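Student: Structure file my_file_16.cif (mmCIF, C-alpha atoms) right here:
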data_structure
#
loop_
_atom_site.label_atom_id
_atom_site.label_comp_id
_atom_site.auth_asym_id
_atom_site.auth_seq_id
_atom_site.Cartn_x
_atom_site.Cartn_y
_atom_site.Cartn_z
CA MET A 1 157.27 41.92 -55.69
CA GLU A 2 153.86 41.30 -57.13
CA LEU A 3 155.40 38.90 -59.65
CA ASP A 4 157.07 37.04 -56.93
CA ASN A 5 153.79 36.85 -55.09
CA GLY A 6 151.95 35.50 -58.17
CA LYS A 7 154.64 33.01 -58.81
CA ALA A 8 154.45 31.87 -55.23
CA GLU A 9 150.67 31.52 -55.42
CA ARG A 10 150.93 29.32 -58.53
CA ILE A 11 153.52 27.18 -56.86
CA LEU A 12 151.20 26.73 -53.85
CA ARG A 13 148.23 25.77 -56.08
CA ARG A 14 150.26 23.13 -57.89
CA ALA A 15 151.42 21.74 -54.56
CA ALA A 16 147.83 21.58 -53.29
CA ILE A 17 146.66 19.78 -56.45
CA ARG A 18 149.46 17.25 -56.13
CA ASP A 19 148.47 16.65 -52.47
CA LEU A 20 144.84 16.07 -53.48
CA GLU A 21 145.80 13.64 -56.23
CA THR A 22 148.05 11.80 -53.80
CA MET A 23 145.20 11.54 -51.27
CA GLU A 24 142.73 10.27 -53.91
CA GLN A 25 145.18 7.62 -55.04
CA ALA A 26 145.74 6.57 -51.42
CA SER A 27 142.01 6.45 -50.77
CA SER A 28 141.40 4.36 -53.87
CA LYS A 29 144.08 1.94 -52.81
CA SER A 30 142.61 1.78 -49.29
CA ASP A 31 139.08 0.96 -50.61
CA TRP A 32 140.45 -1.79 -52.84
CA LYS A 33 142.31 -3.32 -49.90
CA MET A 34 139.16 -3.23 -47.71
CA ARG A 35 137.09 -5.01 -50.36
CA LEU A 36 139.79 -7.62 -50.69
CA VAL A 37 139.79 -8.26 -46.93
CA LEU A 38 135.98 -8.60 -46.73
CA SER A 39 135.90 -10.98 -49.70
CA SER A 40 138.51 -13.15 -48.07
CA ILE A 41 136.55 -13.31 -44.81
CA GLY A 42 133.35 -14.28 -46.68
CA PHE A 43 135.14 -17.03 -48.55
CA LEU A 44 136.58 -18.46 -45.33
CA VAL A 45 133.12 -18.46 -43.61
CA ALA A 46 131.52 -20.25 -46.56
CA ALA A 47 134.30 -22.78 -46.70
CA GLY A 48 133.99 -23.45 -42.95
CA GLY A 49 130.19 -23.98 -43.21
CA SER A 50 130.58 -26.39 -46.13
CA GLY A 51 133.20 -28.32 -44.28
CA GLY A 52 131.02 -28.57 -41.17
CA TRP A 53 128.06 -29.85 -43.20
CA LEU A 54 130.24 -32.47 -44.91
CA TYR A 55 131.60 -33.58 -41.54
CA TYR A 56 128.05 -33.82 -40.00
CA ARG A 57 126.78 -35.87 -42.95
CA SER A 58 129.72 -38.27 -42.77
CA ARG A 59 129.07 -38.81 -39.06
CA LEU A 60 125.38 -39.55 -39.72
CA ARG A 61 126.33 -42.44 -42.00
CA ASP A 62 127.93 -44.14 -38.99
CA VAL A 63 124.76 -43.89 -36.85
CA PRO A 64 122.46 -46.97 -37.13
CA PRO A 65 118.85 -46.26 -38.18
CA PRO A 66 116.24 -46.16 -35.33
CA PRO A 67 114.22 -49.36 -34.79
CA THR A 68 110.83 -49.39 -36.52
CA ARG A 69 107.78 -49.14 -34.18
CA ALA A 70 104.40 -50.62 -34.95
CA ALA A 71 101.69 -48.04 -35.27
CA GLN A 72 99.50 -47.88 -32.14
CA ALA A 73 95.83 -48.63 -32.59
CA PHE A 74 93.60 -45.57 -32.11
CA ARG A 75 91.28 -45.84 -29.12
CA PRO A 76 88.30 -43.56 -29.39
CA VAL A 77 87.59 -41.61 -26.23
CA ALA A 78 84.33 -39.82 -25.50
CA ARG A 79 84.86 -36.26 -24.46
CA ILE A 80 82.48 -34.78 -21.94
CA MET A 81 82.49 -31.05 -22.27
CA VAL A 82 80.54 -28.25 -20.72
CA ALA A 83 78.39 -26.60 -23.32
CA PRO A 84 79.78 -23.16 -24.13
CA GLN A 85 77.71 -20.36 -22.73
CA PRO A 86 77.03 -17.28 -24.81
CA SER A 87 79.33 -14.43 -23.89
CA THR A 88 77.75 -11.28 -22.58
CA THR A 89 80.74 -9.19 -23.70
CA PRO A 90 80.33 -7.82 -27.23
CA SER A 91 83.09 -8.82 -29.64
CA ALA A 92 85.11 -6.16 -31.40
CA ASN A 93 85.00 -8.18 -34.65
CA THR A 94 81.24 -8.66 -34.83
CA PRO A 95 78.63 -5.94 -35.14
CA SER A 96 76.67 -5.48 -31.96
CA GLU A 97 72.99 -6.50 -32.15
CA PRO A 98 70.29 -4.26 -30.71
CA PRO A 99 69.41 -5.35 -27.18
CA SER A 100 66.24 -7.42 -26.86
CA PRO A 101 63.36 -5.70 -25.07
CA PRO A 102 63.23 -6.50 -21.38
CA SER A 103 60.76 -9.21 -20.38
CA ASN A 104 58.03 -8.44 -17.91
CA VAL A 105 58.24 -12.01 -16.60
CA PRO A 106 60.91 -12.43 -13.93
CA GLU A 107 62.99 -15.59 -14.01
CA ARG A 108 61.83 -17.86 -11.19
CA PRO A 109 62.99 -21.31 -10.07
CA VAL A 110 61.06 -24.19 -11.62
CA PHE A 111 59.83 -26.98 -9.35
CA HIS A 112 59.55 -30.38 -11.02
CA LEU A 113 56.51 -32.31 -9.86
CA LEU A 114 56.66 -36.06 -9.55
CA GLU A 115 54.28 -38.21 -11.56
CA ARG A 116 50.73 -37.89 -10.32
CA HIS A 117 49.21 -41.19 -9.22
CA HIS A 118 46.34 -40.06 -7.02
CA VAL A 119 43.88 -39.49 -9.90
CA GLU A 120 44.70 -42.84 -11.48
CA ASP A 121 44.04 -44.49 -8.14
CA PHE A 122 40.68 -42.73 -8.00
CA ARG A 123 39.75 -44.02 -11.46
CA GLU A 124 40.74 -47.56 -10.58
CA ASP A 125 38.64 -47.33 -7.45
CA LEU A 126 35.60 -46.31 -9.51
CA LYS A 127 36.13 -49.23 -11.87
CA LYS A 128 36.20 -51.59 -8.91
CA LYS A 129 32.99 -50.06 -7.51
CA VAL A 130 31.07 -50.45 -10.77
CA LEU A 131 32.23 -54.05 -11.17
CA ASP A 132 31.16 -54.91 -7.64
CA GLU A 133 27.75 -53.45 -8.39
CA LEU A 134 27.10 -54.84 -11.88
CA ALA A 135 29.34 -57.87 -12.51
CA PRO A 136 26.81 -60.39 -11.15
CA SER A 137 24.27 -59.22 -13.76
CA TYR A 138 26.79 -58.64 -16.56
CA PRO A 139 29.54 -61.30 -16.23
CA GLU A 140 31.24 -60.35 -19.51
CA LEU A 141 31.78 -56.83 -18.18
CA GLN A 142 34.34 -57.91 -15.62
CA MET A 143 36.46 -59.72 -18.20
CA LEU A 144 36.51 -56.72 -20.53
CA LEU A 145 37.16 -54.01 -17.96
CA ASN A 146 39.94 -56.01 -16.32
CA ASP A 147 41.67 -56.53 -19.67
CA ARG A 148 44.88 -54.48 -19.38
CA GLU A 149 45.75 -54.92 -23.06
CA GLU A 150 43.94 -53.74 -26.12
CA ASN A 151 41.59 -56.44 -27.31
CA ALA A 152 42.27 -57.69 -30.81
CA SER A 153 38.58 -57.25 -31.65
CA THR A 154 36.20 -54.47 -30.64
CA LEU A 155 33.12 -56.64 -31.13
CA PRO A 156 32.94 -57.79 -27.47
CA TYR A 157 33.05 -54.14 -26.34
CA GLU A 158 30.33 -53.20 -28.82
CA ARG A 159 28.16 -56.06 -27.61
CA VAL A 160 28.51 -55.06 -23.95
CA VAL A 161 27.95 -51.34 -24.66
CA PHE A 162 24.71 -51.92 -26.53
CA GLN A 163 23.54 -54.54 -24.03
CA LEU A 164 23.99 -52.10 -21.16
CA LEU A 165 22.29 -49.26 -23.02
CA ASP A 166 19.35 -51.46 -24.01
CA THR A 167 18.72 -52.49 -20.40
CA GLU A 168 19.43 -49.12 -18.77
CA LYS A 169 15.89 -47.80 -19.11
CA LYS A 170 14.49 -51.04 -17.69
CA GLU A 171 16.60 -50.92 -14.56
CA PRO A 172 15.67 -49.08 -11.34
CA SER A 173 16.68 -45.43 -11.40
CA ASP A 174 19.30 -45.90 -8.69
CA ARG A 175 21.17 -48.42 -10.89
CA ARG A 176 21.05 -46.43 -14.12
CA PRO A 177 24.04 -44.14 -13.44
CA ALA A 178 26.27 -47.14 -12.73
CA ILE A 179 25.08 -48.85 -15.93
CA LEU A 180 25.81 -45.75 -17.97
CA PHE A 181 29.22 -45.46 -16.37
CA ALA A 182 30.04 -49.10 -17.21
CA ALA A 183 28.90 -48.50 -20.79
CA ASP A 184 31.19 -45.47 -20.98
CA LEU A 185 34.16 -47.56 -19.84
CA ALA A 186 33.48 -50.16 -22.52
CA ALA A 187 32.79 -47.56 -25.23
CA SER A 188 36.15 -45.92 -24.61
CA HIS A 189 37.69 -48.93 -26.40
CA LEU A 190 35.74 -48.20 -29.60
CA GLY A 191 36.74 -46.04 -32.55
CA CYS A 192 37.80 -46.14 -36.18
CA ASP A 193 41.20 -46.33 -37.80
CA MET A 194 40.91 -44.09 -40.85
CA GLY A 195 44.47 -44.96 -41.81
CA ASP A 196 43.24 -48.43 -42.81
CA ALA A 197 42.11 -48.15 -46.43
CA ARG A 198 40.27 -51.49 -46.50
CA ASP A 199 36.61 -51.28 -47.49
CA MET A 200 35.74 -53.60 -44.58
CA THR A 201 37.18 -51.13 -42.09
CA LYS A 202 35.33 -48.21 -43.66
CA GLY A 203 32.12 -50.20 -43.57
CA ASP A 204 32.65 -51.09 -39.91
CA CYS A 205 33.17 -47.44 -39.07
CA ALA A 206 29.98 -46.40 -40.83
CA ARG A 207 28.07 -49.16 -39.06
CA LEU A 208 29.46 -48.15 -35.65
CA ARG A 209 28.55 -44.52 -36.26
CA SER A 210 25.02 -45.56 -37.19
CA GLU A 211 24.68 -47.78 -34.09
CA PHE A 212 25.94 -44.98 -31.86
CA ALA A 213 23.39 -42.58 -33.29
CA ARG A 214 20.58 -44.87 -32.09
CA TYR A 215 21.68 -44.17 -28.51
CA ASN A 216 22.48 -40.47 -29.04
CA LEU A 217 26.21 -41.16 -28.97
CA THR A 218 28.76 -39.61 -31.30
CA LEU A 219 32.14 -40.25 -32.82
CA ALA A 220 34.41 -37.19 -32.86
CA TYR A 221 37.29 -36.86 -35.28
CA ASP A 222 40.89 -36.69 -34.10
CA GLU A 223 43.23 -35.82 -36.96
CA LEU A 224 46.39 -36.53 -34.98
CA GLY A 225 44.91 -39.69 -33.52
CA GLY A 226 44.13 -41.10 -36.93
CA GLY A 227 40.35 -41.09 -36.99
CA PRO A 228 37.04 -40.97 -35.11
CA TYR A 229 36.91 -41.76 -31.39
CA TYR A 230 34.30 -41.87 -28.63
CA PRO A 231 34.34 -38.57 -26.64
CA HIS A 232 32.69 -39.84 -23.40
CA ASP A 233 29.17 -38.64 -24.13
CA LEU A 234 27.80 -40.88 -21.38
CA LEU A 235 29.75 -39.10 -18.64
CA TRP A 236 28.05 -35.84 -19.55
CA ARG A 237 24.69 -37.61 -19.60
CA ILE A 238 25.21 -38.95 -16.10
CA TRP A 239 26.12 -35.50 -14.76
CA ARG A 240 23.16 -33.94 -16.56
CA ASP A 241 20.53 -36.51 -15.56
CA TYR A 242 21.82 -37.73 -12.18
CA PRO A 243 23.80 -34.88 -10.59
CA GLU A 244 22.50 -35.50 -7.08
CA THR A 245 23.49 -39.17 -6.96
CA GLU A 246 26.80 -40.52 -5.74
CA TRP A 247 27.66 -41.65 -9.24
CA GLY A 248 26.82 -38.15 -10.42
CA GLU A 249 29.39 -36.69 -8.04
CA ARG A 250 31.95 -39.31 -9.02
CA VAL A 251 31.50 -38.45 -12.68
CA PHE A 252 31.78 -34.76 -11.85
CA VAL A 253 35.25 -35.48 -10.46
CA LEU A 254 36.23 -37.18 -13.73
CA LEU A 255 34.90 -34.31 -15.82
CA LEU A 256 36.78 -31.81 -13.69
CA ASP A 257 39.95 -33.89 -13.97
CA SER A 258 39.60 -33.75 -17.78
CA GLY A 259 39.60 -29.95 -17.66
CA TRP A 260 35.85 -29.93 -18.33
CA ASP A 261 36.68 -31.02 -21.88
CA THR A 262 36.52 -34.72 -22.75
CA SER A 263 37.56 -34.20 -26.36
CA ALA A 264 40.99 -35.33 -27.48
CA THR A 265 41.49 -32.17 -29.51
CA CYS A 266 41.25 -29.27 -27.00
CA ALA A 267 37.84 -28.46 -28.47
CA LYS A 268 37.11 -25.89 -25.73
CA GLY A 269 40.45 -24.12 -26.04
CA GLY A 270 43.83 -24.34 -24.40
CA ASP A 271 43.14 -22.61 -21.08
CA GLN A 272 41.03 -24.92 -18.92
CA THR A 273 41.92 -23.34 -15.59
CA ARG A 274 39.05 -20.83 -15.57
CA GLU A 275 36.33 -23.43 -16.12
CA VAL A 276 37.84 -25.85 -13.61
CA ILE A 277 37.91 -23.08 -11.00
CA ARG A 278 34.35 -22.00 -11.80
CA GLN A 279 32.88 -25.51 -11.73
CA GLY A 280 34.96 -26.64 -8.75
CA GLU A 281 34.19 -23.66 -6.51
CA SER A 282 30.50 -23.95 -7.37
CA PHE A 283 30.52 -27.64 -6.39
CA LEU A 284 32.28 -26.90 -3.09
CA GLN A 285 29.84 -24.12 -2.25
CA LYS A 286 26.70 -26.12 -3.02
CA ARG A 287 27.81 -29.50 -1.63
CA PRO A 288 29.41 -28.97 1.78
CA GLY A 289 28.81 -32.59 2.76
CA SER A 290 30.12 -34.32 -0.36
CA PRO A 291 32.66 -37.10 0.27
CA TYR A 292 34.53 -35.83 -2.82
CA ARG A 293 35.29 -32.36 -1.50
CA GLY A 294 38.91 -33.33 -0.94
CA ILE A 295 39.73 -34.21 -4.54
CA VAL A 296 37.63 -31.35 -5.95
CA THR A 297 39.49 -28.94 -3.66
CA LEU A 298 42.75 -30.43 -4.94
CA PHE A 299 41.75 -29.77 -8.57
CA VAL A 300 40.80 -26.17 -7.81
CA ALA A 301 44.13 -25.68 -6.05
CA GLU A 302 45.98 -27.11 -9.07
CA ALA A 303 44.08 -24.80 -11.43
CA TYR A 304 45.06 -21.73 -9.41
CA ALA A 305 48.66 -22.96 -9.19
CA SER A 306 48.71 -23.42 -12.97
CA ARG A 307 47.54 -19.86 -13.52
CA TRP A 308 50.41 -18.66 -11.34
CA SER A 309 52.94 -20.87 -13.14
CA LEU A 310 51.69 -20.01 -16.64
CA SER A 311 52.00 -16.30 -15.85
CA ASN A 312 55.72 -16.89 -15.22
CA GLU A 313 56.43 -19.26 -18.11
CA PRO A 314 60.11 -18.63 -18.96
CA ALA A 315 61.10 -17.75 -22.51
CA GLY A 316 62.68 -20.63 -24.38
CA SER A 317 60.85 -23.35 -22.46
CA GLY A 318 59.07 -26.22 -24.18
CA MET A 319 55.68 -24.60 -23.51
CA PHE A 320 56.59 -21.02 -24.39
CA GLU A 321 55.45 -21.35 -28.01
CA TYR A 322 51.98 -22.40 -26.83
CA VAL A 323 51.55 -20.12 -23.82
CA ASP A 324 51.42 -16.33 -23.69
CA PRO A 325 52.33 -15.46 -20.08
CA LYS A 326 50.73 -12.04 -20.45
CA GLU A 327 47.29 -13.67 -20.60
CA PHE A 328 47.78 -14.99 -17.06
CA GLN A 329 49.68 -12.16 -15.39
CA GLN A 330 46.64 -10.25 -14.25
CA GLY A 331 45.76 -11.68 -10.84
CA ALA A 332 48.70 -14.09 -10.87
CA GLU A 333 49.78 -13.32 -7.31
CA ASP A 334 46.20 -13.74 -6.06
CA ALA A 335 46.09 -17.09 -7.87
CA ARG A 336 49.23 -18.22 -6.02
CA ILE A 337 47.77 -17.21 -2.65
CA LYS A 338 44.48 -18.99 -3.40
CA ALA A 339 46.36 -22.09 -4.53
CA ILE A 340 48.18 -22.20 -1.20
CA ALA A 341 44.91 -21.77 0.70
CA TYR A 342 43.19 -24.59 -1.22
CA PHE A 343 46.16 -26.95 -0.87
CA GLU A 344 46.14 -26.29 2.88
CA LYS A 345 42.41 -27.10 2.85
CA VAL A 346 43.21 -30.44 1.22
CA LEU A 347 45.38 -31.30 4.23
CA GLN A 348 42.31 -30.82 6.44
CA LEU A 349 39.82 -32.62 4.20
CA ALA A 350 41.93 -35.64 3.22
CA PRO A 351 44.68 -36.19 5.81
CA GLY A 352 46.95 -39.17 5.27
CA THR A 353 45.83 -39.71 1.66
CA ALA A 354 47.55 -39.41 -1.70
CA PHE A 355 45.78 -36.06 -2.10
CA SER A 356 47.33 -34.62 1.05
CA ARG A 357 50.76 -36.03 0.17
CA PHE A 358 50.59 -34.25 -3.16
CA ALA A 359 49.55 -31.04 -1.40
CA LEU A 360 52.51 -31.33 0.95
CA GLU A 361 54.80 -31.68 -2.06
CA VAL A 362 53.68 -28.49 -3.83
CA LEU A 363 53.08 -26.16 -0.88
CA PRO A 364 56.78 -25.32 -0.16
CA PRO A 365 57.64 -24.24 -3.75
CA LEU A 366 54.45 -22.20 -4.02
CA ARG A 367 55.24 -20.40 -0.77
CA GLU A 368 58.71 -19.65 -2.17
CA LYS A 369 57.14 -18.30 -5.39
CA GLN A 370 58.53 -21.08 -7.56
CA ILE A 371 56.66 -22.21 -10.66
CA LEU A 372 55.35 -25.73 -11.20
CA ASP A 373 56.14 -27.56 -14.43
CA ASN A 374 53.13 -29.87 -14.76
CA TYR A 375 50.98 -27.43 -16.83
CA ARG A 376 47.82 -28.75 -15.18
CA PHE A 377 44.60 -27.80 -16.96
CA TYR A 378 46.29 -26.35 -20.00
CA CYS A 379 45.48 -28.27 -23.19
CA VAL A 380 47.84 -28.48 -26.16
CA TYR A 381 46.76 -30.27 -29.35
CA ASP A 382 49.95 -30.79 -31.31
#
I need this file expressed as structure tokens, please.
Tutor:
Amino acid sequence: MELDNGKAERILRRAAIRDLETMEQASSKSDWKMRLVLSSIGFLVAAGGSGGWLYYRSRLRDVPPPPTRAAQAFRPVARIMVAPQPSTTPSANTPSEPPSPPSNVPERPVFHLLERHHVEDFREDLKKKVLDELAPSYPELQMLLNDREENASTLPYERVVFQLLDTEKKEPSDRRPAILFAADLAASHLGCDMGDARDMTKGDCARLRSEFARYNLTLAYDELGGGPYYPHDLLWRIWRDYPETEWGERVFVLLLDSGWDTSATCAKGGDQTREVIRQGESFLQKRPGSPYRGIVTLFVAEAYASRWSLSNEPAGSGMFEYVDPKEFQQGAEDARIKAIAYFEKVLQLAPGTAFSRFALEVLPPLREKQILDNYRFYCVYD
């Protein structure tokens, strides 16, 4: 029985092996058939694509070429663009910079002042007064002082200056300030051009300096201006020797308008507001009846207004590299209040004049704490 069982087991194993071999052969044949089918499909797709391309190309040969177009001329166009503003959002691609320290100066609106004509009108009025007083005795003076263009020669001005100075001591004392003022006007046309290398020019300059020294006059040097110039010594002489006369007060106004510094080089420093306030307030206190209180009050008001504006000078402005706002911040608010008070006083002292019109222009922005952009009584030599 066991033999029969072993024989049966061997018969079953052989049958199983034959079934496996049959299955492997069938599977091999099935794989070969599948590869054959896929290859046939690929060949048909490629053949169809090639045929389509050949058909498309043959159709293109029948299409006429497009007409040629002349190239259009380029017309330049200006583009007006808004300047890009710096973004306040840090970029993820750029390293963040350390924040700048906060400024103690708050950003305030800037009020642009119109061109000032009232002082020029005052100067022209003084020229007219001195001509009315002296022209009959010095006829050449009127021709020179009315000359709006630079004279080709300085010799006529030299002649008139020295003529006036020679006769000044011989004239009555009440005429001397006017004579000195006329000489100052003529002398303002004199100077030396050091850029001219001619020996004649150098000799003329030495001669002029020597002639000036005879009358206690000087030539100051202006590097940016190109040479020596006359720094209005005679105005200071009038104020020193004749302060109580009308011409003395008129000259005081001119000196105050210059920032109490008649040099062309900011010889007394950049900040002129302090000296203008000191001299102006002293004049107003000592001369309550002066006919020039209106314009002096105007200058004092402008000096206080400048101190207020300079204390708020915004970073990045054209004046920021010359002005340190911190130097003016102490007492800045008091300066603004005093400026308003003095401008209001101008309205009382000189109603209906160019001085009061200017005061009316600047009072509203000062009351609104705006800053003025005229930089009055601040000297920059650059």
Student: When you look at segment 218-226 of chain A with a cut-off of 8 Å (counting only C-alpha atoms), what residues show up, excluding the ones that are within fewer than 2 positions of it in the same chain? I need them as a list in words.
Tutor: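 Residues meeting the cut-off are Gly191, Asp193, Met194, Gly195, Arg209, Phe212, Ala213, Asn216, Pro228, Tyr229, Tyr230, Pro231, Asp233, Ser263, Ala264, Thr265 and Asp382 of chain A.
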Student: Could you tell me how far atom CA of Asp204 of chain A lies from atom CA of Ala186 of chain A, in Å and to one decimal?
Tutor: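 One can read the atom CA of Asp204 of chain A to atom CA of Ala186 of chain A distance as 17.4 Å.
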Student: With a cut-off of 10 Å, could you pull out the residues of segment 173-271 of chain A touching segment 117-137 of chain A and give me the nearest pair of atoms for each, distance in Å to one decimal, using all atoms listed in the file, ordered by chain and ascending number, as JSON lines?
Tutor:
{"residue": "A:Arg175", "atom": "CA", "partner": "A:Glu133", "partner_atom": "CA", "distance": 8.7}
{"residue": "A:Pro177", "atom": "CA", "partner": "A:Val130", "partner_atom": "CA", "distance": 9.8}
{"residue": "A:Ala178", "atom": "CA", "partner": "A:Val130", "partner_atom": "CA", "distance": 6.2}
{"residue": "A:Ile179", "atom": "CA", "partner": "A:Leu134", "partner_atom": "CA", "distance": 7.5}
{"residue": "A:Phe181", "atom": "CA", "partner": "A:Val130", "partner_atom": "CA", "distance": 7.7}
{"residue": "A:Ala182", "atom": "CA", "partner": "A:Val130", "partner_atom": "CA", "distance": 6.7}
{"residue": "A:Leu185", "atom": "CA", "partner": "A:Lys127", "partner_atom": "CA", "distance": 8.4}
{"residue": "A:Trp247", "atom": "CA", "partner": "A:Leu126", "partner_atom": "CA", "distance": 9.2}
{"residue": "A:Arg250", "atom": "CA", "partner": "A:Leu126", "partner_atom": "CA", "distance": 7.9}
{"residue": "A:Val251", "atom": "CA", "partner": "A:Leu126", "partner_atom": "CA", "distance": 9.4}
{"residue": "A:Val253", "atom": "CA", "partner": "A:Phe122", "partner_atom": "CA", "distance": 9.4}
{"residue": "A:Leu254", "atom": "CA", "partner": "A:Arg123", "partner_atom": "CA", "distance": 8.0}
{"residue": "A:Asp257", "atom": "CA", "partner": "A:Val119", "partner_atom": "CA", "distance": 8.0}
Student: Rank nothing, just name the residue among A:Glu171, A:Leu256, A:Glu344, A:Gln142 nearest to Arg278 of chain A, using all atoms listed in the file.
Tutor: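 Counting all atoms listed in the file, the residue closest to Arg278 of chain A is A:Leu256.
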Student: Care to translate the PyMOL selection byres ((chain A and resi 356-362) around 12) into actual residues of this file, as a VMD selection string?
Tutor: chain A and resid 110 to 119 294 to 295 297 to 302 305 to 306 336 339 to 355 363 to 374
Student: Care to translate the PyMOL selection byres ((chain A and resi 235) around 8) into actual residues of this file, as a PyMOL selection string?
Tutor: chain A and resi 180-181+184+232-234+236-239+251+255
Student: Between atom CA of Arg376 of chain A and atom CA of Val276 of chain A, measure the distance and give it in Å to one decimal.
Tutor: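 Atom CA of Val276 of chain A lies 10.5 Å from atom CA of Arg376 of chain A.
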Student: Have a look at A:Asp174, A:Asp324, A:Glu140, A:Gln330 and name the one nearest to Gly248 of chain A; count only C-alpha atoms.
Tutor: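 Selected residue with least distance to Gly248 of chain A: A:Asp174.
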Student: When you draw a straight line from atom CA of Tyr381 of chain A to atom CA of Leu208 of chain A, how long is it in Å?
Tutor: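 Computing the Euclidean distance for atom CA of Tyr381 of chain A and atom CA of Leu208 of chain A yields 25.7 Å.
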Student: Mind listing as a list in words all residues within 10 Å of (56.2, -19.2, -19.7), counting all atoms listed in the file?
Tutor: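 Within 10 Å of (56.2, -19.2, -19.7), the protein and nucleic acid residues are Val105, Glu107, Ser309, Leu310, Ser311, Asn312, Glu313, Pro314, Ala315, Gly316, Ser317, Gly318, Met319, Phe320, Glu321, Tyr322, Val323, Asp324, Pro325, Lys326, Phe328, Ile371 and Asp373 of chain A.
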Student: Keeping only C-alpha atoms, take the residues you just selected and write them out as a CSV table (one decimal), keeping the file's coordinate frame.
Tutor:
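Just written: out-v1.csv:
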chain,number,residue,atom,x,y,z
A,105,VAL,CA,58.2,-12.0,-16.6
A,107,GLU,CA,63.0,-15.6,-14.0
A,309,SER,CA,52.9,-20.9,-13.1
A,310,LEU,CA,51.7,-20.0,-16.6
A,311,SER,CA,52.0,-16.3,-15.8
A,312,ASN,CA,55.7,-16.9,-15.2
A,313,GLU,CA,56.4,-19.3,-18.1
A,314,PRO,CA,60.1,-18.6,-19.0
A,315,ALA,CA,61.1,-17.8,-22.5
A,316,GLY,CA,62.7,-20.6,-24.4
A,317,SER,CA,60.8,-23.4,-22.5
A,318,GLY,CA,59.1,-26.2,-24.2
A,319,MET,CA,55.7,-24.6,-23.5
A,320,PHE,CA,56.6,-21.0,-24.4
A,321,GLU,CA,55.4,-21.4,-28.0
A,322,TYR,CA,52.0,-22.4,-26.8
A,323,VAL,CA,51.6,-20.1,-23.8
A,324,ASP,CA,51.4,-16.3,-23.7
A,325,PRO,CA,52.3,-15.5,-20.1
A,326,LYS,CA,50.7,-12.0,-20.4
A,328,PHE,CA,47.8,-15.0,-17.1
A,371,ILE,CA,56.7,-22.2,-10.7
A,373,ASP,CA,56.1,-27.6,-14.4
Student: Residues within 8 Å of Tyr157 of chain A, please, as a PyMOL selection string. Count only C-alpha atoms; anything in the same chain fewer than 6 positions from it doesn't count.
Tutor: chain A and resi 144+186-187+189-190
Student: Quick one: write out the picked residues with C-alpha atoms as a PDB file, in the coordinates of the input?
Tutor:
ATOM      1  CA  LEU A 144      36.510 -56.720 -20.530  1.00  0.00           C
ATOM      2  CA  ALA A 186      33.480 -50.160 -22.520  1.00  0.00           C
ATOM      3  CA  ALA A 187      32.790 -47.560 -25.230  1.00  0.00           C
ATOM      4  CA  HIS A 189      37.690 -48.930 -26.400  1.00  0.00           C
ATOM      5  CA  LEU A 190      35.740 -48.200 -29.600  1.00  0.00           C
TER       6      LEU A 190
END
Student: Draw an axis-aligned box tight on the listed atoms of segment 176-195 of chain A, then pad every side by 6 Å and write out centre and edge lengths in Å to one decimal as lines of an AutoDock Vina configuration file.
Tutor:
center_x = 32.8
center_y = -47.1
center_z = -27.3
size_x = 35.4
size_y = 18.1
size_z = 41.1
